[in-house]
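Participant: Pasting structure_2.txt here (compact mmCIF, C-alpha atoms):
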```txt
# COMPACT_ATOMS: atom_id res chain seq x y z
CA MET A 889 61.46 -44.53 -50.05
CA SER A 890 58.29 -46.61 -49.96
CA GLN A 891 58.18 -49.97 -51.65
CA ARG A 892 56.27 -50.10 -54.91
CA GLU A 893 53.51 -52.48 -55.85
CA GLN A 894 54.46 -55.76 -57.54
CA THR A 895 52.54 -57.92 -59.96
CA ALA A 896 52.06 -61.60 -59.18
CA LEU A 897 54.88 -62.50 -61.59
CA GLN A 898 57.23 -59.93 -60.05
CA ALA A 899 56.45 -61.16 -56.54
CA ARG A 900 57.12 -64.77 -57.54
CA LEU A 901 60.39 -63.90 -59.27
CA TYR A 902 61.38 -61.74 -56.30
CA LYS A 903 61.12 -64.72 -53.94
CA ILE A 904 63.27 -66.80 -56.28
CA ILE A 905 65.95 -64.24 -57.21
CA PHE A 906 66.25 -62.16 -54.05
CA GLY A 907 65.22 -64.72 -51.45
CA THR A 908 66.98 -67.77 -50.07
CA ASP A 909 64.17 -69.04 -47.84
CA THR A 910 62.68 -71.22 -50.55
CA PRO A 911 64.28 -74.23 -52.30
CA SER A 912 63.91 -72.47 -55.67
CA GLY A 913 65.68 -69.39 -54.29
CA LYS A 914 68.59 -71.44 -53.00
CA TRP A 915 68.88 -73.32 -56.27
CA PHE A 916 68.84 -70.07 -58.23
CA ASP A 917 71.71 -68.63 -56.24
CA LEU A 918 73.72 -71.85 -56.43
CA VAL A 919 73.26 -72.07 -60.22
CA LEU A 920 74.19 -68.38 -60.48
CA ILE A 921 77.37 -68.91 -58.47
CA PHE A 922 78.25 -71.94 -60.60
CA ALA A 923 77.77 -69.86 -63.77
CA ILE A 924 79.93 -67.07 -62.34
CA LEU A 925 82.76 -69.50 -61.58
CA ILE A 926 82.59 -70.95 -65.11
CA SER A 927 82.66 -67.48 -66.67
CA VAL A 928 85.67 -66.51 -64.56
CA GLY A 929 87.37 -69.76 -65.61
CA VAL A 930 86.75 -68.82 -69.26
CA ILE A 931 88.39 -65.43 -68.68
CA ILE A 932 91.42 -67.07 -67.05
CA LEU A 933 91.77 -69.62 -69.87
CA ASP A 934 91.52 -66.89 -72.49
CA SER A 935 94.50 -65.11 -70.89
CA LEU A 936 96.74 -68.09 -71.78
CA ALA A 937 98.49 -67.40 -75.10
CA ASP A 938 98.24 -70.97 -76.47
CA VAL A 939 94.60 -71.39 -75.48
CA HIS A 940 93.72 -67.96 -76.86
CA ARG A 941 95.41 -68.77 -80.17
CA ASP A 942 93.60 -72.09 -80.60
CA HIS A 943 90.23 -71.40 -78.97
CA GLY A 944 90.06 -67.62 -78.56
CA GLU A 945 87.01 -67.16 -80.78
CA LEU A 946 85.06 -69.92 -79.01
CA LEU A 947 85.94 -68.58 -75.56
CA GLN A 948 84.90 -65.08 -76.62
CA ARG A 949 81.51 -66.38 -77.75
CA ILE A 950 81.06 -68.23 -74.46
CA GLU A 951 82.00 -65.11 -72.54
CA TRP A 952 79.52 -63.00 -74.45
CA GLY A 953 76.88 -65.63 -73.74
CA PHE A 954 77.54 -65.26 -70.02
CA THR A 955 77.55 -61.48 -70.35
CA LEU A 956 74.14 -61.47 -72.01
CA LEU A 957 72.84 -63.92 -69.40
CA PHE A 958 74.06 -61.75 -66.53
CA THR A 959 72.75 -58.61 -68.25
CA ILE A 960 69.26 -60.12 -68.50
CA GLU A 961 69.49 -61.21 -64.86
CA TYR A 962 70.56 -57.69 -63.82
CA LEU A 963 67.67 -56.08 -65.71
CA VAL A 964 65.22 -58.57 -64.20
CA ARG A 965 66.51 -57.74 -60.73
CA ILE A 966 65.85 -54.04 -61.40
CA TRP A 967 62.39 -54.83 -62.75
CA ILE A 968 61.27 -56.93 -59.77
CA ALA A 969 63.04 -54.98 -56.99
CA ARG A 970 60.65 -53.57 -54.41
CA ASN A 971 62.92 -50.55 -54.04
CA ARG A 972 64.89 -50.10 -57.25
CA ARG A 973 67.03 -47.24 -56.02
CA ALA A 974 68.00 -49.19 -52.89
CA TYR A 975 69.04 -52.19 -55.00
CA LEU A 976 70.96 -50.15 -57.60
CA PHE A 977 73.10 -48.47 -54.93
CA SER A 978 73.42 -51.47 -52.64
CA PHE A 979 76.65 -53.47 -52.38
CA TYR A 980 75.30 -56.37 -54.42
CA GLY A 981 73.66 -54.03 -56.93
CA ILE A 982 76.93 -52.25 -57.65
CA ILE A 983 78.78 -55.58 -57.95
CA ASP A 984 76.11 -56.91 -60.32
CA PHE A 985 76.57 -53.81 -62.50
CA LEU A 986 80.38 -53.97 -62.46
CA ALA A 987 80.21 -57.66 -63.41
CA ILE A 988 78.79 -56.84 -66.84
CA LEU A 989 80.27 -53.37 -67.48
CA PRO A 990 83.77 -54.46 -68.69
CA SER A 991 82.29 -56.54 -71.55
CA TYR A 992 80.62 -53.49 -73.03
CA LEU A 993 83.62 -51.26 -72.32
CA ALA A 994 85.81 -53.79 -74.17
CA ILE A 995 83.95 -52.95 -77.37
CA LEU A 996 85.40 -49.45 -77.20
CA VAL A 997 88.56 -50.20 -75.21
CA PRO A 998 89.66 -53.83 -75.74
CA GLN A 999 92.29 -53.53 -72.99
CA THR A 1000 89.54 -53.45 -70.34
CA ALA A 1001 88.36 -57.01 -71.10
CA PRO A 1002 90.42 -58.63 -68.27
CA LEU A 1003 88.50 -56.47 -65.79
CA LEU A 1004 85.72 -59.04 -66.13
CA ILE A 1005 87.53 -60.88 -63.32
CA ILE A 1006 85.54 -58.48 -61.08
CA ARG A 1007 82.69 -60.89 -61.75
CA LEU A 1008 84.24 -63.19 -59.16
CA LEU A 1009 83.02 -60.81 -56.45
CA ARG A 1010 79.49 -61.98 -57.16
CA VAL A 1011 80.42 -65.27 -55.54
CA LEU A 1012 79.99 -63.40 -52.25
CA ARG A 1013 76.33 -64.32 -52.60
CA VAL A 1014 77.32 -67.70 -51.21
CA PHE A 1015 77.20 -66.01 -47.77
CA ARG A 1016 73.46 -65.61 -48.23
CA VAL A 1017 72.92 -69.09 -49.60
CA LEU A 1018 74.85 -70.93 -46.91
CA ARG A 1019 73.51 -68.79 -44.08
CA LEU A 1020 76.93 -67.38 -43.29
CA VAL A 1021 75.61 -63.88 -42.65
CA GLY A 1022 76.27 -64.41 -38.94
CA TYR A 1023 79.97 -64.21 -39.64
CA LEU A 1024 79.48 -60.66 -40.90
CA HIS A 1025 79.36 -59.60 -37.24
CA GLU A 1026 83.00 -60.63 -36.87
CA ALA A 1027 83.80 -58.83 -40.12
CA ASN A 1028 82.14 -55.69 -38.79
CA GLN A 1029 84.20 -55.97 -35.60
CA ILE A 1030 87.41 -56.10 -37.65
CA ALA A 1031 86.27 -53.12 -39.73
CA GLY A 1032 85.50 -51.19 -36.55
CA VAL A 1033 88.94 -51.94 -35.12
CA MET A 1034 90.56 -50.80 -38.36
CA ARG A 1035 88.65 -47.53 -38.20
CA SER A 1036 89.69 -46.97 -34.60
CA SER A 1037 93.32 -47.77 -35.44
CA TRP A 1038 93.68 -45.50 -38.44
CA ARG A 1039 95.46 -42.71 -36.53
CA GLN A 1040 98.07 -45.09 -35.15
CA ILE A 1041 98.49 -46.77 -38.54
CA PHE A 1042 98.83 -43.37 -40.23
CA VAL A 1043 101.54 -42.29 -37.79
CA PHE A 1044 103.35 -45.60 -38.25
CA PHE A 1045 103.07 -45.34 -42.05
CA SER A 1046 104.44 -41.78 -41.94
CA ILE A 1047 107.43 -42.93 -39.91
CA VAL A 1048 108.07 -45.81 -42.32
CA MET A 1049 107.90 -43.47 -45.32
CA THR A 1050 110.37 -41.12 -43.65
CA ILE A 1051 112.77 -44.00 -43.00
CA ILE A 1052 112.41 -45.18 -46.60
CA VAL A 1053 113.15 -41.73 -48.02
CA VAL A 1054 116.22 -41.43 -45.77
CA PHE A 1055 117.54 -44.82 -46.88
CA GLY A 1056 116.80 -43.92 -50.50
CA CYS A 1057 118.74 -40.67 -50.29
CA LEU A 1058 121.65 -42.36 -48.53
CA ILE A 1059 121.94 -45.11 -51.13
CA TYR A 1060 121.71 -42.55 -53.92
CA VAL A 1061 124.63 -40.59 -52.45
CA LEU A 1062 126.73 -43.72 -51.80
CA GLU A 1063 126.03 -45.62 -55.03
CA GLY A 1064 125.07 -43.01 -57.62
CA PRO A 1065 123.98 -43.37 -61.25
CA ASN A 1066 127.02 -45.47 -62.16
CA ASN A 1067 125.68 -48.37 -60.06
CA GLY A 1068 122.06 -48.22 -61.29
CA PHE A 1069 120.72 -45.66 -58.81
CA GLU A 1070 119.97 -43.11 -61.50
CA ASN A 1071 117.91 -40.75 -59.38
CA ILE A 1072 116.28 -40.42 -55.98
CA PRO A 1073 112.90 -41.91 -57.03
CA VAL A 1074 114.70 -45.07 -58.22
CA SER A 1075 116.64 -45.12 -54.94
CA VAL A 1076 113.41 -44.73 -52.93
CA TYR A 1077 111.92 -47.61 -54.94
CA TRP A 1078 114.94 -49.72 -53.96
CA ALA A 1079 114.46 -48.69 -50.31
CA ILE A 1080 110.78 -49.74 -50.40
CA VAL A 1081 111.66 -53.12 -51.90
CA THR A 1082 114.43 -53.62 -49.33
CA VAL A 1083 112.62 -52.44 -46.19
CA THR A 1084 109.57 -54.55 -47.06
CA THR A 1085 111.97 -57.52 -47.47
CA VAL A 1086 110.68 -58.22 -50.99
CA GLY A 1087 114.10 -57.91 -52.62
CA TYR A 1088 113.52 -57.98 -56.40
CA GLY A 1089 117.25 -57.61 -57.01
CA ASP A 1090 116.84 -55.42 -60.11
CA VAL A 1091 118.82 -52.63 -58.42
CA VAL A 1092 121.48 -53.64 -55.91
CA PRO A 1093 124.31 -51.79 -54.17
CA VAL A 1094 127.86 -52.83 -55.01
CA THR A 1095 129.97 -50.66 -52.73
CA PRO A 1096 130.76 -51.73 -49.13
CA ALA A 1097 129.01 -48.64 -47.75
CA GLY A 1098 125.95 -49.30 -49.89
CA ARG A 1099 125.79 -52.91 -48.73
CA ALA A 1100 126.02 -51.76 -45.14
CA ILE A 1101 123.06 -49.45 -45.70
CA SER A 1102 121.20 -52.37 -47.31
CA SER A 1103 121.84 -54.54 -44.27
CA MET A 1104 120.52 -51.84 -41.97
CA ALA A 1105 117.43 -51.36 -44.17
CA MET A 1106 116.65 -55.07 -44.11
CA LEU A 1107 117.04 -55.27 -40.34
CA VAL A 1108 114.79 -52.24 -39.92
CA GLY A 1109 112.27 -53.92 -42.21
CA TYR A 1110 112.15 -57.03 -40.04
CA ALA A 1111 111.88 -54.87 -36.92
CA ILE A 1112 108.87 -52.89 -38.12
CA ILE A 1113 106.86 -55.76 -39.65
CA ALA A 1114 105.27 -56.64 -36.30
CA VAL A 1115 104.24 -53.09 -35.41
CA PRO A 1116 100.93 -52.90 -37.37
CA THR A 1117 100.01 -56.38 -36.16
CA GLY A 1118 100.64 -55.34 -32.56
CA ILE A 1119 98.54 -52.20 -32.94
CA PHE A 1120 95.69 -54.11 -34.54
CA THR A 1121 95.78 -56.95 -32.00
CA ALA A 1122 95.88 -54.56 -29.04
CA ASN A 1123 92.83 -52.70 -30.34
CA ILE A 1124 90.93 -55.96 -30.87
CA LEU A 1125 91.65 -57.06 -27.31
CA GLU A 1126 90.70 -53.64 -25.98
CA LYS A 1127 87.39 -53.70 -27.88
CA ARG A 1128 86.58 -57.21 -26.67
CA GLN A 1129 87.40 -56.21 -23.09
CA ARG A 1130 85.21 -53.13 -23.46
CA ASP A 1131 82.31 -55.11 -24.89
CA ARG A 1132 82.57 -57.95 -22.40
CA THR A 1133 79.79 -58.11 -19.82
CA PRO A 1134 81.36 -58.29 -16.36
CA LEU A 1135 80.62 -61.50 -14.46
CA ASN A 1136 80.13 -60.62 -10.81
CA CYS A 1137 79.94 -63.10 -7.96
CA PRO A 1138 76.46 -63.03 -6.36
CA GLN A 1139 78.06 -63.81 -2.96
CA CYS A 1140 81.04 -61.46 -2.68
CA SER A 1141 80.30 -59.18 -5.67
CA ARG A 1142 83.87 -59.52 -6.94
CA ALA A 1143 84.34 -59.17 -10.71
CA GLY A 1144 87.07 -60.15 -13.13
CA HIS A 1145 85.98 -63.73 -13.84
CA GLU A 1146 86.32 -65.49 -17.17
CA GLU A 1147 83.15 -65.75 -19.26
CA ASP A 1148 83.01 -69.55 -18.89
CA ALA A 1149 83.81 -69.57 -15.16
CA ARG A 1150 81.35 -71.48 -12.95
CA TYR A 1151 82.74 -70.67 -9.50
CA CYS A 1152 84.13 -67.51 -7.94
CA ARG A 1153 87.90 -67.58 -7.71
CA HIS A 1154 87.75 -65.43 -4.57
CA CYS A 1155 85.15 -67.10 -2.37
CA GLY A 1156 84.33 -70.30 -4.25
CA SER A 1157 80.60 -69.56 -4.58
CA SER A 1158 78.73 -70.62 -7.71
CA LEU A 1159 78.55 -67.93 -10.37
CA ARG A 1160 75.68 -69.61 -12.18
CA THR A 1161 72.04 -69.76 -11.30
CA ASP A 1162 69.60 -72.45 -12.30
CA SER A 1163 68.24 -70.14 -15.04
CA ASP A 1164 71.72 -69.78 -16.54
CA ASP A 1165 71.96 -73.54 -16.97
```
Take the structure in the file and write it out as structure tokens.

Facilitator:
Amino acid sequence: MSQREQTALQARLYKIIFGTDTPSGKWFDLVLIFAILISVGVIILDSLADVHRDHGELLQRIEWGFTLLFTIEYLVRIWIARNRRAYLFSFYGIIDFLAILPSYLAILVPQTAPLLIIRLLRVLRVFRVLRLVGYLHEANQIAGVMRSSWRQIFVFFSIVMTIIVVFGCLIYVLEGPNNGFENIPVSVYWAIVTVTTVGYGDVVPVTPAGRAISSMAMLVGYAIIAVPTGIFTANILEKRQRDRTPLNCPQCSRAGHEEDARYCRHCGSSLRTDSDD
């Protein structure tokens, strides 16, 4: 979609609100982030019973002030955007919309008010302000590895779920409703808590056989914790090895050198040329 024409005012505001190349643009984003943090702090304070009882009305007014401020900012962003559709459906555009939506939903459904904590996601703009976009390359690498590992993770997750259901059924048979294991779903819940080594302790086996099953479940839990990490790490190393540019010796043409190597480990010749230095 082609970019639309902007007035002089829209172009000036665009540089300030969407850009970080100018001092005014950086200051705008920093002030915006500061306001977001304060508004999130207000939401957190309002969740405390004592603070809500004594200052709930004041905090609600402050929160509505921030909501109106962010609403005006969101509408201005739409007004000055060169490509409105691209902004509305961009990552930041969706976050900007979700940051103000819960306030208006709370008018109809008061229980949705705490969802305003989503506003904290807008702090991600600090990546733009502090020039940390370069680190997004590493984030994209991790995302790529996760996508390439999904089959292995799915198989592993399926095996874990099978083990959990087996342990849940066993504990249900051994303990039964008299010991708190009222049904198989409750027993599976216990198995999940036990295998993941969380151990809430709200449902515990009391028979010797049940305790033996618990011990086995906990040991299995410790044994399988490292499996996803191993899969993920192996795929990261494989991707880095695949993306690495081979460093060949200009003298003997042997490869397999480290990226920071200066001399061939086979013939001792220099791996670097004057242009490399």

Participant: Would you work out the distance separating CA of Ile1101 (chain A) from CA of Val1053 (chain A), expressed in Å to one decimal?

Facilitator: 12.8 Å

Participant: Name the residues in contact with region 951-967 of chain A at a cut-off of 10 Å, using all atoms listed in the file, excluding same-chain residues fewer than 6 positions from it; report them as a ChimeraX atom specification.

Facilitator: /A:894,898,901-902,905-906,920,923-924,926-931,934,945,973,975-976,981,984-985,987-992,1004,1007

Participant: Return the single residue from A:Ala1100, A:Ala937, A:Val1094, A:Ile1052 that is closest to Tyr1077 (chain A), with distances computed using only C-alpha atoms.

Facilitator: A:Ile1052

Participant: To one decimal place in Å, what is the distance between CA of Gly1089 (chain A) and CA of Leu1058 (chain A)?

Facilitator: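 Atom-to-atom, CA of Gly1089 (chain A) to CA of Leu1058 (chain A), that is 18.0 Å.
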
Participant: Mind pulling up the distance from CA of Phe979 (chain A) to CA of Leu933 (chain A)?

Facilitator: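 Calculated distance between CA of Leu933 (chain A) and CA of Phe979 (chain A) is 28.2 Å.
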
Participant: When you count all atoms listed in the file, which of these residues is closest to Gly1109 (chain A): A:Ile1124, A:Thr1095, A:Arg1150, A:Thr1082?

Facilitator: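 Closest residue, counting all atoms listed in the file: A:Thr1082.
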
Participant: Out of A:Leu986, A:Ser1036, A:Met1049, A:Val1074, which residue has the shortest atom-to-atom distance to Glu1126 (chain A) when counting all atoms listed in the file?

Facilitator: A:Ser1036

Participant: Missing atoms in region 892-912 of chain A: can you complete it with N, CA, C and O atoms, as a tab-separated table (two decimals), keeping the file's coordinate frame?

Facilitator:
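Resulting contents of part_37.tsv:
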```
chain	number	residue	atom	x	y	z
A	892	ARG	N	57.30	-50.21	-53.89
A	892	ARG	CA	56.27	-50.10	-54.91
A	892	ARG	C	55.49	-51.41	-55.01
A	892	ARG	O	55.93	-52.46	-54.55
A	893	GLU	N	54.36	-51.32	-55.66
A	893	GLU	CA	53.51	-52.48	-55.85
A	893	GLU	C	54.15	-53.44	-56.85
A	893	GLU	O	54.79	-53.02	-57.82
A	894	GLN	N	53.94	-54.74	-56.64
A	894	GLN	CA	54.46	-55.76	-57.54
A	894	GLN	C	53.30	-56.58	-58.12
A	894	GLN	O	52.30	-56.82	-57.45
A	895	THR	N	53.49	-56.99	-59.37
A	895	THR	CA	52.54	-57.92	-59.96
A	895	THR	C	52.79	-59.30	-59.38
A	895	THR	O	53.80	-59.54	-58.69
A	896	ALA	N	51.90	-60.24	-59.67
A	896	ALA	CA	52.06	-61.60	-59.18
A	896	ALA	C	53.35	-62.23	-59.72
A	896	ALA	O	54.06	-62.93	-58.99
A	897	LEU	N	53.64	-61.96	-61.00
A	897	LEU	CA	54.88	-62.50	-61.59
A	897	LEU	C	56.11	-61.90	-60.93
A	897	LEU	O	57.07	-62.61	-60.62
A	898	GLN	N	56.10	-60.59	-60.71
A	898	GLN	CA	57.23	-59.93	-60.05
A	898	GLN	C	57.43	-60.46	-58.65
A	898	GLN	O	58.57	-60.69	-58.21
A	899	ALA	N	56.34	-60.65	-57.91
A	899	ALA	CA	56.45	-61.16	-56.54
A	899	ALA	C	57.03	-62.57	-56.53
A	899	ALA	O	57.85	-62.91	-55.67
A	900	ARG	N	56.61	-63.39	-57.49
A	900	ARG	CA	57.12	-64.77	-57.54
A	900	ARG	C	58.61	-64.78	-57.89
A	900	ARG	O	59.40	-65.49	-57.27
A	901	LEU	N	58.98	-63.98	-58.89
A	901	LEU	CA	60.39	-63.90	-59.27
A	901	LEU	C	61.23	-63.30	-58.15
A	901	LEU	O	62.40	-63.67	-57.97
A	902	TYR	N	60.65	-62.36	-57.40
A	902	TYR	CA	61.38	-61.74	-56.30
A	902	TYR	C	61.76	-62.78	-55.25
A	902	TYR	O	62.89	-62.77	-54.73
A	903	LYS	N	60.83	-63.68	-54.92
A	903	LYS	CA	61.12	-64.72	-53.94
A	903	LYS	C	62.22	-65.64	-54.42
A	903	LYS	O	63.03	-66.14	-53.62
A	904	ILE	N	62.26	-65.88	-55.74
A	904	ILE	CA	63.27	-66.80	-56.28
A	904	ILE	C	64.63	-66.12	-56.38
A	904	ILE	O	65.65	-66.68	-55.97
A	905	ILE	N	64.66	-64.90	-56.91
A	905	ILE	CA	65.95	-64.24	-57.21
A	905	ILE	C	66.55	-63.56	-56.00
A	905	ILE	O	67.76	-63.64	-55.76
A	906	PHE	N	65.74	-62.89	-55.19
A	906	PHE	CA	66.25	-62.16	-54.05
A	906	PHE	C	66.20	-62.96	-52.74
A	906	PHE	O	66.88	-62.62	-51.78
A	907	GLY	N	65.39	-63.98	-52.70
A	907	GLY	CA	65.22	-64.72	-51.45
A	907	GLY	C	66.00	-66.02	-51.44
A	907	GLY	O	66.34	-66.58	-52.49
A	908	THR	N	66.31	-66.47	-50.24
A	908	THR	CA	66.98	-67.77	-50.07
A	908	THR	C	66.20	-68.66	-49.11
A	908	THR	O	66.69	-69.71	-48.68
A	909	ASP	N	64.98	-68.26	-48.78
A	909	ASP	CA	64.17	-69.04	-47.84
A	909	ASP	C	63.46	-70.21	-48.51
A	909	ASP	O	63.01	-71.12	-47.84
A	910	THR	N	63.37	-70.15	-49.83
A	910	THR	CA	62.68	-71.22	-50.55
A	910	THR	C	63.71	-72.09	-51.28
A	910	THR	O	64.80	-71.62	-51.61
A	911	PRO	N	63.36	-73.37	-51.55
A	911	PRO	CA	64.28	-74.23	-52.30
A	911	PRO	C	64.63	-73.65	-53.67
A	911	PRO	O	65.78	-73.71	-54.11
A	912	SER	N	63.64	-73.04	-54.35
A	912	SER	CA	63.91	-72.47	-55.67
A	912	SER	C	64.87	-71.29	-55.57
A	912	SER	O	65.73	-71.09	-56.43
```
